[in-house]
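Source file: model-v4.csv (CSV, C-alpha atoms)
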chain,number,residue,atom,x,y,z
A,1,LYS,CA,-81.3,42.1,18.6
A,2,ALA,CA,-83.8,40.5,16.2
A,3,ALA,CA,-85.1,37.0,16.8
A,4,MET,CA,-86.0,34.1,14.7
A,5,LEU,CA,-89.6,33.8,13.6
A,6,HIS,CA,-91.8,31.3,15.4
A,7,ASN,CA,-95.2,31.2,13.7
A,8,TYR,CA,-95.3,35.0,13.5
A,9,ALA,CA,-96.5,35.5,17.1
A,10,LYS,CA,-96.1,39.1,18.2
A,11,ASN,CA,-94.8,38.2,21.7
A,12,SER,CA,-91.8,36.3,20.2
A,13,PHE,CA,-90.1,39.5,18.9
A,14,PRO,CA,-87.8,41.5,21.2
A,15,GLU,CA,-88.6,45.2,21.3
A,16,ALA,CA,-86.2,47.6,19.5
A,17,ASP,CA,-85.6,50.9,21.0
A,18,VAL,CA,-83.2,53.9,20.8
A,19,PHE,CA,-81.2,55.7,23.4
A,20,GLY,CA,-78.6,58.5,23.4
A,21,ASP,CA,-76.1,60.2,25.6
A,22,GLU,CA,-76.4,63.9,26.4
A,23,PHE,CA,-73.4,66.1,25.4
A,24,LYS,CA,-74.0,69.6,26.5
A,25,GLN,CA,-72.5,72.5,24.5
A,26,ALA,CA,-73.4,76.0,25.4
A,27,ILE,CA,-75.0,78.3,22.8
A,28,LYS,CA,-73.4,81.7,22.8
A,29,GLY,CA,-74.2,84.8,20.8
A,30,ILE,CA,-71.6,86.6,18.8
A,31,GLY,CA,-71.7,90.1,17.3
A,32,SER,CA,-69.9,93.0,15.9
A,33,LYS,CA,-70.9,96.6,15.2
A,34,TYR,CA,-70.0,99.5,13.0
A,35,SER,CA,-70.6,103.2,13.1
A,36,TYR,CA,-69.8,106.2,10.9
A,37,SER,CA,-69.9,110.0,11.4
A,38,VAL,CA,-71.5,112.7,9.3
A,39,GLN,CA,-68.1,113.5,7.9
A,40,ASP,CA,-67.7,109.8,6.9
A,41,MET,CA,-71.1,110.0,5.1
A,42,ARG,CA,-70.0,113.2,3.2
A,43,ALA,CA,-66.7,111.7,2.1
A,44,ALA,CA,-68.5,108.5,1.0
A,45,ALA,CA,-71.1,110.5,-0.9
A,46,MET,CA,-68.4,112.5,-2.7
A,47,SER,CA,-66.5,109.4,-3.7
A,48,GLY,CA,-69.5,107.3,-4.5
A,49,VAL,CA,-68.6,104.6,-2.0
A,50,PRO,CA,-71.5,102.7,-0.4
A,51,LEU,CA,-70.4,103.4,3.1
A,52,GLU,CA,-73.1,101.5,5.0
A,53,ALA,CA,-72.7,98.4,2.9
A,54,LYS,CA,-68.9,98.4,3.2
A,55,LYS,CA,-69.1,98.8,7.0
A,56,ALA,CA,-71.8,96.1,7.3
A,57,SER,CA,-69.7,93.8,5.2
A,58,ALA,CA,-66.6,94.4,7.4
A,59,ALA,CA,-68.7,93.6,10.5
A,60,ARG,CA,-70.1,90.4,9.0
A,61,TYR,CA,-66.5,89.4,8.0
A,62,SER,CA,-65.3,89.8,11.5
A,63,ILE,CA,-68.1,87.6,12.8
A,64,GLU,CA,-67.4,84.9,10.2
A,65,LYS,CA,-63.7,84.9,11.1
A,66,ARG,CA,-64.5,84.6,14.8
A,67,LEU,CA,-66.9,81.7,14.2
A,68,GLU,CA,-64.3,79.9,12.2
A,69,GLN,CA,-61.7,80.3,15.0
A,70,ILE,CA,-64.2,79.0,17.5
A,71,ALA,CA,-65.0,76.0,15.2
A,72,CYS,CA,-61.4,75.1,15.1
A,73,TYR,CA,-60.0,76.0,18.6
A,74,GLY,CA,-63.1,76.6,20.7
A,75,ASP,CA,-63.1,79.4,23.2
A,76,THR,CA,-61.9,78.5,26.7
A,77,SER,CA,-63.2,81.7,28.3
A,78,THR,CA,-66.8,80.6,27.5
A,79,GLY,CA,-66.3,76.8,27.7
A,80,LEU,CA,-66.8,76.2,24.0
A,81,PHE,CA,-64.9,73.4,22.3
A,82,GLY,CA,-63.7,73.3,18.7
A,83,ILE,CA,-62.9,70.5,16.3
A,84,THR,CA,-59.3,70.3,17.5
A,85,ASN,CA,-60.0,70.2,21.2
A,86,ALA,CA,-63.4,68.6,21.6
A,87,PRO,CA,-63.7,65.8,24.3
A,88,GLY,CA,-63.6,62.4,22.8
A,89,ILE,CA,-61.3,63.2,19.9
A,90,SER,CA,-58.5,60.7,20.0
A,91,ALA,CA,-55.0,61.2,18.6
A,92,VAL,CA,-53.5,59.0,15.9
A,93,THR,CA,-49.8,58.0,16.2
A,94,LYS,CA,-47.8,59.4,13.3
A,95,VAL,CA,-46.2,56.7,11.1
A,96,SER,CA,-44.2,58.9,8.8
A,97,PRO,CA,-40.8,60.4,9.8
A,98,ALA,CA,-40.2,63.5,11.9
A,99,GLY,CA,-41.4,66.8,10.5
A,100,THR,CA,-44.6,68.1,8.9
A,101,TRP,CA,-45.7,66.5,5.7
A,102,GLU,CA,-44.7,69.7,3.9
A,103,GLU,CA,-41.2,69.5,5.3
A,104,GLN,CA,-41.0,65.8,4.4
A,105,ILE,CA,-42.0,66.4,0.8
A,106,TYR,CA,-39.5,69.2,0.2
A,107,ALA,CA,-36.7,67.2,1.9
A,108,ALA,CA,-37.6,64.2,-0.2
A,109,LEU,CA,-37.6,66.2,-3.4
A,110,ALA,CA,-34.1,67.5,-2.6
A,111,GLY,CA,-32.9,64.0,-1.5
A,112,GLY,CA,-34.5,61.9,-4.2
A,113,THR,CA,-36.6,59.8,-1.8
A,114,LEU,CA,-40.1,61.1,-2.8
A,115,THR,CA,-41.7,57.7,-3.4
A,116,GLN,CA,-40.9,56.5,0.2
A,117,THR,CA,-42.1,59.8,1.6
A,118,VAL,CA,-45.4,59.6,-0.3
A,119,GLN,CA,-46.0,56.1,1.0
A,120,ALA,CA,-45.2,57.2,4.6
A,121,ILE,CA,-47.7,60.1,4.2
A,122,LEU,CA,-50.3,57.7,2.8
A,123,GLU,CA,-49.8,55.4,5.8
A,124,ASP,CA,-50.5,58.4,8.1
A,125,VAL,CA,-53.7,59.2,6.2
A,126,ASN,CA,-54.7,55.5,6.3
A,127,ALA,CA,-54.0,55.4,10.1
A,128,MET,CA,-56.4,58.4,10.6
A,129,VAL,CA,-59.2,57.2,8.4
A,130,ASN,CA,-58.9,53.6,9.6
A,131,GLN,CA,-59.1,54.7,13.3
A,132,ILE,CA,-62.4,56.6,12.6
A,133,TYR,CA,-63.8,53.6,10.7
A,134,THR,CA,-62.8,51.0,13.3
A,135,GLN,CA,-63.5,52.9,16.4
A,136,THR,CA,-67.1,53.5,15.2
A,137,LEU,CA,-67.4,49.9,14.0
A,138,GLY,CA,-67.9,51.1,10.5
A,139,THR,CA,-70.7,53.5,11.3
A,140,HIS,CA,-68.7,56.6,10.3
A,141,LYS,CA,-66.6,56.8,7.1
A,142,PRO,CA,-64.4,59.8,6.9
A,143,THR,CA,-65.0,61.7,3.6
A,144,THR,CA,-63.0,64.9,4.1
A,145,LEU,CA,-59.4,65.5,5.2
A,146,ALA,CA,-58.6,69.1,6.2
A,147,LEU,CA,-54.9,70.0,6.1
A,148,PRO,CA,-52.8,73.0,7.0
A,149,THR,CA,-52.3,75.3,3.9
A,150,GLY,CA,-48.6,74.5,3.5
A,151,ALA,CA,-49.1,70.7,3.5
A,152,PHE,CA,-52.1,71.0,1.1
A,153,ALA,CA,-50.1,73.2,-1.3
A,154,ALA,CA,-47.1,70.8,-1.3
A,155,MET,CA,-49.3,67.8,-1.8
A,156,ALA,CA,-51.5,69.5,-4.5
A,157,THR,CA,-48.5,70.7,-6.6
A,158,THR,CA,-46.0,67.9,-6.2
A,159,PRO,CA,-46.1,65.0,-8.7
A,160,ARG,CA,-46.2,61.7,-6.9
A,161,ALA,CA,-43.4,60.2,-8.9
A,162,PRO,CA,-41.9,62.8,-11.3
A,163,GLY,CA,-41.2,61.4,-14.7
A,164,PHE,CA,-43.2,58.2,-14.0
A,165,THR,CA,-46.8,59.4,-13.1
A,166,ASP,CA,-48.8,62.4,-13.9
A,167,ASP,CA,-50.8,62.5,-10.7
A,168,THR,CA,-50.0,64.6,-7.7
A,169,ILE,CA,-49.6,63.3,-4.1
A,170,LEU,CA,-53.0,64.7,-3.3
A,171,GLU,CA,-54.7,62.9,-6.2
A,172,TYR,CA,-52.8,59.7,-5.3
A,173,ILE,CA,-54.1,59.8,-1.7
A,174,LEU,CA,-57.6,60.4,-2.9
A,175,LYS,CA,-57.4,57.5,-5.3
A,176,SER,CA,-55.9,55.2,-2.6
A,177,SER,CA,-58.6,55.8,0.1
A,178,PRO,CA,-61.9,54.0,-0.1
A,179,TRP,CA,-63.7,56.8,1.8
A,180,LEU,CA,-62.0,60.1,1.2
A,181,GLU,CA,-63.9,62.2,-1.3
A,182,GLU,CA,-62.1,65.5,-0.7
A,183,ILE,CA,-58.9,66.9,0.7
A,184,THR,CA,-59.0,70.6,1.5
A,185,ASP,CA,-57.0,73.2,3.4
A,186,TRP,CA,-57.9,75.1,6.4
A,187,ALA,CA,-55.6,77.9,7.5
A,188,TYR,CA,-56.6,77.5,11.2
A,189,LEU,CA,-54.8,74.2,11.2
A,190,ASN,CA,-51.5,75.9,10.4
A,191,ASN,CA,-50.8,76.2,14.2
Spit out the file's structure as C-alpha cells when you get a sec.
Amino acid sequence: KAAMLHNYAKNSFPEADVFGDEFKQAIKGIGSKYSYSVQDMRAAAMSGVPLEAKKASAARYSIEKRLEQIACYGDTSTGLFGITNAPGISAVTKVSPAGTWEEQIYAALAGGTLTQTVQAILEDVNAMVNQIYTQTLGTHKPTTLALPTGAFAAMATTPRAPGFTDDTILEYILKSSPWLEEITDWAYLNN
C-alpha cells in the first residue's frame, strides 16, 4: 500500500513486492502414428494420391482432436483438468426458466414469448460475466462466451424481436454486455 510523501525520504515508503500461489498441472506428451504398406504405396502412386501427406494429416488431426477434448474435459486417468472441471471454477445459478437456451428459444418462438425469453437469457449471461468480474475484484473482464453449437445456432439465427428489430439474440447480447467481445460455439460443450 503506497504511503503519503514526507519530504521524499526513502525510508518513508513501504516496500512493494509480488507473490504467487503454485498450481501444479502435469505436462504430458500426446502422439499418434501412421503406417503404410508397399501395396498402399503402389495404389497411391497409381491414383496420384500423396499417401504420406494424407496419413500425416490424419495423424495430426487425431492429436488436435484429443488436445481439444483434454482442454474441455481434462483426462482423469492422467490427472489433467480441463476448462469445465478445473479446481476453483465456480458455478453460476441459472436465472432463466428450465431447459437449455436452445429449447427456451424454440419454445418461445412457438408460444410468442420470445422477448421475455431473450431477457432471461441475457440475465443468465450477465450473471456469468458479473460473477467473474466481481469475484476477481475487476481484475478479469470476460471477453469471450463459448456456447454449445445448438444454443449458438439458435441465438445467431433468431431475430431478437421479429418484426420490431433487425438484430439477432446473439448480436443483442453482445451489444448489451460491457465486456463480451465475442460469442462462439464449441462442440465439446454440447454434453
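Using all atoms listed in the file, the nearest neighbour of Thr149 of chain A within the list A:Asn130, A:Ala187, A:Pro178, A:Pro162 is A:Ala187.
Proximity to Pro142 of chain A was assessed for A:Asp124, A:Phe164, A:Asp75, A:Val129 counting all atoms listed in the file; the smallest distance is recorded for A:Val129.
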Shell around Trp179 of chain A at 12 Å using all atoms listed in the file, local window under 5 positions removed, as a VMD selection string: chain A and resid 125 to 126 128 to 130 132 to 133 138 140 to 145 173 to 174
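Nearest residue to Cys72 of chain A among A:Thr168, A:Asn190, A:Thr93, A:Thr115 is A:Asn190, counting only C-alpha atoms.
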Just checking: using all atoms listed in the file, which residue out of A:Asn85, A:Thr100, A:Thr76, A:Gln131 ends up closest to Phe152 of chain A? A:Thr100
Residues near segment 50-63 of chain A, anyone? I mean within 10 Å using only C-alpha atoms, not counting same-chain ones fewer than 2 positions away, as JSON, numbers by chain. {"A": [30, 31, 32, 33, 34, 35, 36, 40, 41, 42, 43, 44, 45, 47, 48, 65, 66, 67, 68, 69]}
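Nearest to Leu109 of chain A of all the residues A:Leu147, A:Thr84, A:Ala71, A:Ala161 is A:Ala161, based on only C-alpha atoms.
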For Thr117 of chain A, the nearest of the candidates A:Trp101, A:Phe81, A:Tyr73, A:Tyr188, counting all atoms listed in the file: A:Trp101
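Going from atom CA of Val95 of chain A over to atom CA of Ile121 of chain A, you cover 7.8 Å.
Rounded to one decimal, atom CA of Ile105 of chain A and atom CA of Trp186 of chain A lie 19.0 Å from each other.
One finds atom CA of Leu122 of chain A at 21.9 Å from atom CA of Leu137 of chain A.
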